[in-house]
Amino acid sequence: MAISDIPKTLWWDETEDGRPAVFMVDQTRLPLQGDVLSCNSYDGVCLAIRALAVRGAPALGVAAAFAVALWSETEGAEIEDINEYLNRLTEVADEVMATRPTAVNLFWGATRIRTLAFGNTDLSLPDLRALVLQEALNMAVEDEARNRQLGEFGAALLPENCKVLTHCNAGSLATVYFGTALGVIFTAFEQGKIEHVWVDETRPVNQGGRLTAWELRVAGIPSALIADNMAASVMRNGWVDAVIVGADRICANGDTANKIGTYGLAVLCKEHGIPFYVAAPSSTIDLTIGDGSKIVIEERDPRELEGFTVSGFFEPDSADASRAFDLLTAKGPYEVPLTKGHQMVIDRKGGAYGFDAWFKMTPPGVDIYNPAFDVTPGELITAFITERGVIRPEPTFEMTLALTCMGSGALHELDLER
Ligand code: MRU
């Protein structure tokens, strides 16, 4: 077990028929099924984004760039007129950006490709397409490099024998590779500084319980899962030295959108005197938004809260059972006739069977409010850990944030005393 055993989240390749494709680990089914999805069209990538098969702000940035590049390499390759190419590319980028509203990286990824295309109209169309693809591939490589760099900056902030708490999944799976909040934890662990990690389950989609818990186990890092409502008492017991989370959008004043429940943790940290760190690449900074009140918060399907989803495998325990399941799935996925609104679909997976189930927990007719993110006020954040350095809320904060965002090379000094 090692950090290097965590698979890459998404990558560009060809499917067996030689067509270009975006590949991704299907995060809706992890950790009990490790399916890899391949998308041969940009709208397939859009579907995967909406369904959370690929998720996490930095991964969404690269997925968005890949989606536009995939369009360019498929439908776009049929277009011969540059204006038509650029117009259609803009429409595709808009469609990609409409998949989820909160993580700014999605907009950053699609816009970076669009800006590049519009800035190179002197090229021939084949050369422009090659440039677009190369940019998307570069973004995937940059993502890992950024995470490793911010991991170094973040690890330097943590004390020896550190007990950390994290929320949602800001791990390798939320990026192309290595992670942001977990990138800091992985780096600190390699330096021998991590004693224990508390993993918030992160209802309703359980990114913590399913994805972060899995990554930490694969990496061999001592950790324990808690339900979200247990964090306060774990802190009061003195078992948390730092909270580290990721971010979906950081505004000019430091207000930060992240997975629902993050704000509560920041308030708890203030009460208990625990540092609260946000680890995010500069692509998560949005200087066009002054404060958190203007961030669009995604509301998701009430079903996420009404019940829970489980995916897994089974192997029939007798020849008779095997024959029965073969028969049931002979014509494709078999929907088990469950009562009370529960749902289960069984399908063949190699020599075994996979199941995707949704179990309803609430009584019928209950009203549901299901925001996917909340906003933590900047003043509750001890520091932002980026690939360009550590930024603290102080009088020069907005200037430092702007310089970090523009990648101007103005690194903020690490101030380990505060
Ligand atoms: O809805 P999700 O799973 O995309 O939400 C993910 C988060 O909120 C993460 O904490 C955030 O994107 C940072 S990932 C490095």
# chains A, B, ... in the order shown; residues from 1 in each chain; ligands from 1

call {"tool": "residues_around", "arguments": {"residues": "Ile221 (chain A)", "least_positions_apart": "6", "cutoff": "12 Å", "atoms": "only C-alpha atoms", "output": "PyMOL selection string"}}
result
chain A and resi 1-3+163-164+182+185-190+192-199+212-215

call {"tool": "residues_around", "arguments": {"residues": "Val345 (chain A)", "least_positions_apart": "3", "cutoff": "7 Å", "atoms": "only C-alpha atoms", "output": "PDB file with all heavy atoms, in the first residue's frame"}}
result
ATOM      1  N   PRO A 333     -28.966  -5.229 -18.477  1.00  0.00           N
ATOM      2  CA  PRO A 333     -29.132  -4.984 -17.052  1.00  0.00           C
ATOM      3  C   PRO A 333     -30.532  -5.397 -16.569  1.00  0.00           C
ATOM      4  O   PRO A 333     -31.520  -5.134 -17.250  1.00  0.00           O
ATOM      5  CB  PRO A 333     -28.948  -3.471 -16.927  1.00  0.00           C
ATOM      6  CG  PRO A 333     -28.194  -3.068 -18.144  1.00  0.00           C
ATOM      7  CD  PRO A 333     -28.564  -4.030 -19.216  1.00  0.00           C
ATOM      8  N   TYR A 334     -30.586  -6.031 -15.402  1.00  0.00           N
ATOM      9  CA  TYR A 334     -31.858  -6.521 -14.856  1.00  0.00           C
ATOM     10  C   TYR A 334     -32.272  -5.653 -13.669  1.00  0.00           C
ATOM     11  O   TYR A 334     -31.510  -5.473 -12.716  1.00  0.00           O
ATOM     12  CB  TYR A 334     -31.689  -7.982 -14.408  1.00  0.00           C
ATOM     13  CG  TYR A 334     -32.894  -8.504 -13.665  1.00  0.00           C
ATOM     14  CD1 TYR A 334     -34.086  -8.756 -14.351  1.00  0.00           C
ATOM     15  CD2 TYR A 334     -32.844  -8.732 -12.289  1.00  0.00           C
ATOM     16  CE1 TYR A 334     -35.200  -9.224 -13.663  1.00  0.00           C
ATOM     17  CE2 TYR A 334     -33.945  -9.200 -11.608  1.00  0.00           C
ATOM     18  CZ  TYR A 334     -35.128  -9.439 -12.303  1.00  0.00           C
ATOM     19  OH  TYR A 334     -36.227  -9.885 -11.623  1.00  0.00           O
ATOM     20  N   GLU A 335     -33.489  -5.102 -13.744  1.00  0.00           N
ATOM     21  CA  GLU A 335     -33.972  -4.263 -12.653  1.00  0.00           C
ATOM     22  C   GLU A 335     -34.747  -5.127 -11.671  1.00  0.00           C
ATOM     23  O   GLU A 335     -35.799  -5.685 -12.004  1.00  0.00           O
ATOM     24  CB  GLU A 335     -34.856  -3.146 -13.205  1.00  0.00           C
ATOM     25  CG  GLU A 335     -35.064  -2.098 -12.140  1.00  0.00           C
ATOM     26  CD  GLU A 335     -35.606  -0.787 -12.699  1.00  0.00           C
ATOM     27  OE1 GLU A 335     -35.427  -0.511 -13.898  1.00  0.00           O
ATOM     28  OE2 GLU A 335     -36.202  -0.068 -11.893  1.00  0.00           O
ATOM     29  N   VAL A 336     -34.217  -5.243 -10.454  1.00  0.00           N
ATOM     30  CA  VAL A 336     -34.847  -6.095  -9.436  1.00  0.00           C
ATOM     31  C   VAL A 336     -36.135  -5.399  -8.965  1.00  0.00           C
ATOM     32  O   VAL A 336     -36.112  -4.205  -8.656  1.00  0.00           O
ATOM     33  CB  VAL A 336     -33.886  -6.281  -8.232  1.00  0.00           C
ATOM     34  CG1 VAL A 336     -34.494  -7.210  -7.190  1.00  0.00           C
ATOM     35  CG2 VAL A 336     -32.545  -6.817  -8.707  1.00  0.00           C
ATOM     36  N   PHE A 355     -23.792  -4.617  -9.044  1.00  0.00           N
ATOM     37  CA  PHE A 355     -25.123  -4.057  -8.755  1.00  0.00           C
ATOM     38  C   PHE A 355     -25.003  -2.577  -8.415  1.00  0.00           C
ATOM     39  O   PHE A 355     -24.010  -2.124  -7.856  1.00  0.00           O
ATOM     40  CB  PHE A 355     -25.819  -4.818  -7.614  1.00  0.00           C
ATOM     41  CG  PHE A 355     -25.135  -4.695  -6.285  1.00  0.00           C
ATOM     42  CD1 PHE A 355     -25.422  -3.617  -5.437  1.00  0.00           C
ATOM     43  CD2 PHE A 355     -24.220  -5.639  -5.874  1.00  0.00           C
ATOM     44  CE1 PHE A 355     -24.792  -3.501  -4.210  1.00  0.00           C
ATOM     45  CE2 PHE A 355     -23.577  -5.520  -4.649  1.00  0.00           C
ATOM     46  CZ  PHE A 355     -23.866  -4.449  -3.822  1.00  0.00           C
ATOM     47  N   ASP A 356     -26.014  -1.826  -8.809  1.00  0.00           N
ATOM     48  CA  ASP A 356     -26.150  -0.417  -8.447  1.00  0.00           C
ATOM     49  C   ASP A 356     -27.496  -0.295  -7.752  1.00  0.00           C
ATOM     50  O   ASP A 356     -28.530  -0.571  -8.365  1.00  0.00           O
ATOM     51  CB  ASP A 356     -26.144   0.480  -9.690  1.00  0.00           C
ATOM     52  CG  ASP A 356     -24.793   0.455 -10.375  1.00  0.00           C
ATOM     53  OD1 ASP A 356     -23.789   0.708  -9.693  1.00  0.00           O
ATOM     54  OD2 ASP A 356     -24.741   0.171 -11.583  1.00  0.00           O
ATOM     55  N   ALA A 357     -27.460   0.107  -6.493  1.00  0.00           N
ATOM     56  CA  ALA A 357     -28.717   0.155  -5.739  1.00  0.00           C
ATOM     57  C   ALA A 357     -28.926   1.531  -5.126  1.00  0.00           C
ATOM     58  O   ALA A 357     -27.964   2.243  -4.824  1.00  0.00           O
ATOM     59  CB  ALA A 357     -28.697  -0.906  -4.649  1.00  0.00           C
TER      60      ALA A 357
END

call {"tool": "residues_near_ligand", "arguments": {"ligand": "ligand 1", "cutoff": "8 Å", "atoms": "only C-alpha atoms and all ligand atoms", "output": "PyMOL selection string"}}
result
chain A and resi 52+54-60+103+167-172+174-175+179-181+205+207+245-248+257-260+279-280+372-373

call {"tool": "closest_residue", "arguments": {"among": "A:Asp367, A:Glu379, A:Asp291, A:Glu78", "to": "Pro395 (chain A)", "atoms": "only C-alpha atoms"}}
result
A:Glu379

call {"tool": "residues_around", "arguments": {"residues": "Phe276 (chain A)", "least_positions_apart": "5", "cutoff": "9 Å", "atoms": "only C-alpha atoms", "output": "list in words"}}
result
Ala242, Val243, Ile244, Val245, Leu265, Ala266, Cys269, Lys270, Leu380, Ile381, Thr382 and Ala383 of chain A

call {"tool": "select_by_dssp", "arguments": {"residues": "region 56-286 of chain A", "states": "helix (DSSP H, G or I)", "output": "ChimeraX atom specification"}}
result
/A:57-73,75-78,82-97,104-118,125-155,172-174,181-190,207-219,228-236,262-272,282-284

call {"tool": "residues_around", "arguments": {"residues": "Ala21 (chain A)", "least_positions_apart": "4", "cutoff": "12 Å", "atoms": "only C-alpha atoms", "output": "PyMOL selection string"}}
result
chain A and resi 10-17+36-45+63+66-74+133

call {"tool": "closest_residue", "arguments": {"among": "A:Gly183, A:Gly61, A:Pro20, A:Pro222", "to": "Asn147 (chain A)", "atoms": "only C-alpha atoms"}}
result
A:Gly183

call {"tool": "closest_residue", "arguments": {"among": "A:Asn237, A:Asn138, A:Thr99, A:Asn253", "to": "Phe397 (chain A)", "atoms": "only C-alpha atoms"}}
result
A:Asn253

call {"tool": "residues_around", "arguments": {"residues": "Ile226 (chain A)", "least_positions_apart": "3", "cutoff": "9 Å", "atoms": "only C-alpha atoms", "output": "PyMOL selection string"}}
result
chain A and resi 198-201+209+229-231

call {"tool": "write_last_selection", "arguments": {"atoms": "N, CA, C and O atoms", "output": "tab-separated table (two decimals), in the first residue's frame"}}
result
chain	number	residue	atom	x	y	z
A	198	TRP	N	-8.80	12.31	10.48
A	198	TRP	CA	-10.24	12.12	10.66
A	198	TRP	C	-10.91	12.46	9.33
A	198	TRP	O	-10.66	13.51	8.75
A	199	VAL	N	-11.78	11.56	8.88
A	199	VAL	CA	-12.43	11.75	7.58
A	199	VAL	C	-13.93	11.97	7.80
A	199	VAL	O	-14.63	11.07	8.27
A	200	ASP	N	-14.39	13.17	7.49
A	200	ASP	CA	-15.84	13.43	7.55
A	200	ASP	C	-16.53	12.63	6.46
A	200	ASP	O	-16.14	12.69	5.28
A	201	GLU	N	-17.60	11.96	6.81
A	201	GLU	CA	-18.34	11.14	5.84
A	201	GLU	C	-18.83	11.97	4.64
A	201	GLU	O	-18.78	11.53	3.50
A	209	GLY	N	-16.61	9.36	3.01
A	209	GLY	CA	-16.71	7.95	3.41
A	209	GLY	C	-16.32	7.00	2.29
A	209	GLY	O	-15.77	5.92	2.54
A	229	ASN	N	-21.61	14.94	11.90
A	229	ASN	CA	-22.01	15.56	13.17
A	229	ASN	C	-21.12	15.15	14.34
A	229	ASN	O	-21.41	15.48	15.49
A	230	MET	N	-20.04	14.43	14.08
A	230	MET	CA	-19.13	14.02	15.16
A	230	MET	C	-17.91	14.93	15.27
A	230	MET	O	-17.13	14.83	16.22
A	231	ALA	N	-17.73	15.82	14.28
A	231	ALA	CA	-16.49	16.62	14.24
A	231	ALA	C	-16.33	17.47	15.49
A	231	ALA	O	-15.23	17.58	16.05

call {"tool": "select_by_dssp", "arguments": {"residues": "region 43-279 of chain A", "states": "strand (DSSP E)", "output": "PDB file with C-alpha atoms, in the first residue's frame"}}
result
ATOM      1  CA  CYS A 162      -0.263  16.078  13.496  1.00  0.00           C
ATOM      2  CA  LYS A 163      -3.871  14.965  13.788  1.00  0.00           C
ATOM      3  CA  VAL A 164      -5.793  16.361  10.826  1.00  0.00           C
ATOM      4  CA  LEU A 165      -9.460  16.455   9.947  1.00  0.00           C
ATOM      5  CA  THR A 166     -10.655  16.762   6.358  1.00  0.00           C
ATOM      6  CA  ILE A 194       0.946  12.736  10.215  1.00  0.00           C
ATOM      7  CA  GLU A 195      -0.270  10.760  13.206  1.00  0.00           C
ATOM      8  CA  HIS A 196      -3.909  10.435  12.236  1.00  0.00           C
ATOM      9  CA  VAL A 197      -6.551  11.700   9.797  1.00  0.00           C
ATOM     10  CA  TRP A 198     -10.244  12.125  10.656  1.00  0.00           C
ATOM     11  CA  VAL A 199     -12.434  11.746   7.584  1.00  0.00           C
ATOM     12  CA  ASP A 200     -15.837  13.431   7.549  1.00  0.00           C
ATOM     13  CA  SER A 223      -7.341   7.325   9.568  1.00  0.00           C
ATOM     14  CA  ALA A 224     -10.861   6.958  10.899  1.00  0.00           C
ATOM     15  CA  LEU A 225     -14.206   7.803   9.393  1.00  0.00           C
ATOM     16  CA  ILE A 226     -16.677   9.931  11.346  1.00  0.00           C
ATOM     17  CA  ALA A 242      -5.584  21.232  11.957  1.00  0.00           C
ATOM     18  CA  VAL A 243      -8.470  21.081   9.516  1.00  0.00           C
ATOM     19  CA  ILE A 244      -7.552  21.066   5.811  1.00  0.00           C
ATOM     20  CA  VAL A 245     -10.165  21.247   3.071  1.00  0.00           C
ATOM     21  CA  ARG A 249     -14.224  28.963  -5.630  1.00  0.00           C
ATOM     22  CA  ILE A 250     -12.211  31.528  -3.678  1.00  0.00           C
ATOM     23  CA  CYS A 251     -13.530  35.107  -3.988  1.00  0.00           C
ATOM     24  CA  THR A 256     -14.650  30.315  -0.119  1.00  0.00           C
ATOM     25  CA  ALA A 257     -17.187  27.883  -1.533  1.00  0.00           C
ATOM     26  CA  ASN A 258     -16.560  24.233  -0.779  1.00  0.00           C
ATOM     27  CA  LYS A 259     -18.572  21.093  -0.084  1.00  0.00           C
ATOM     28  CA  PHE A 276      -8.483  26.012   9.359  1.00  0.00           C
ATOM     29  CA  TYR A 277      -6.610  25.689   6.043  1.00  0.00           C
ATOM     30  CA  VAL A 278      -7.946  25.811   2.492  1.00  0.00           C
ATOM     31  CA  ALA A 279      -5.697  24.051  -0.033  1.00  0.00           C
TER      32      ALA A 279
END
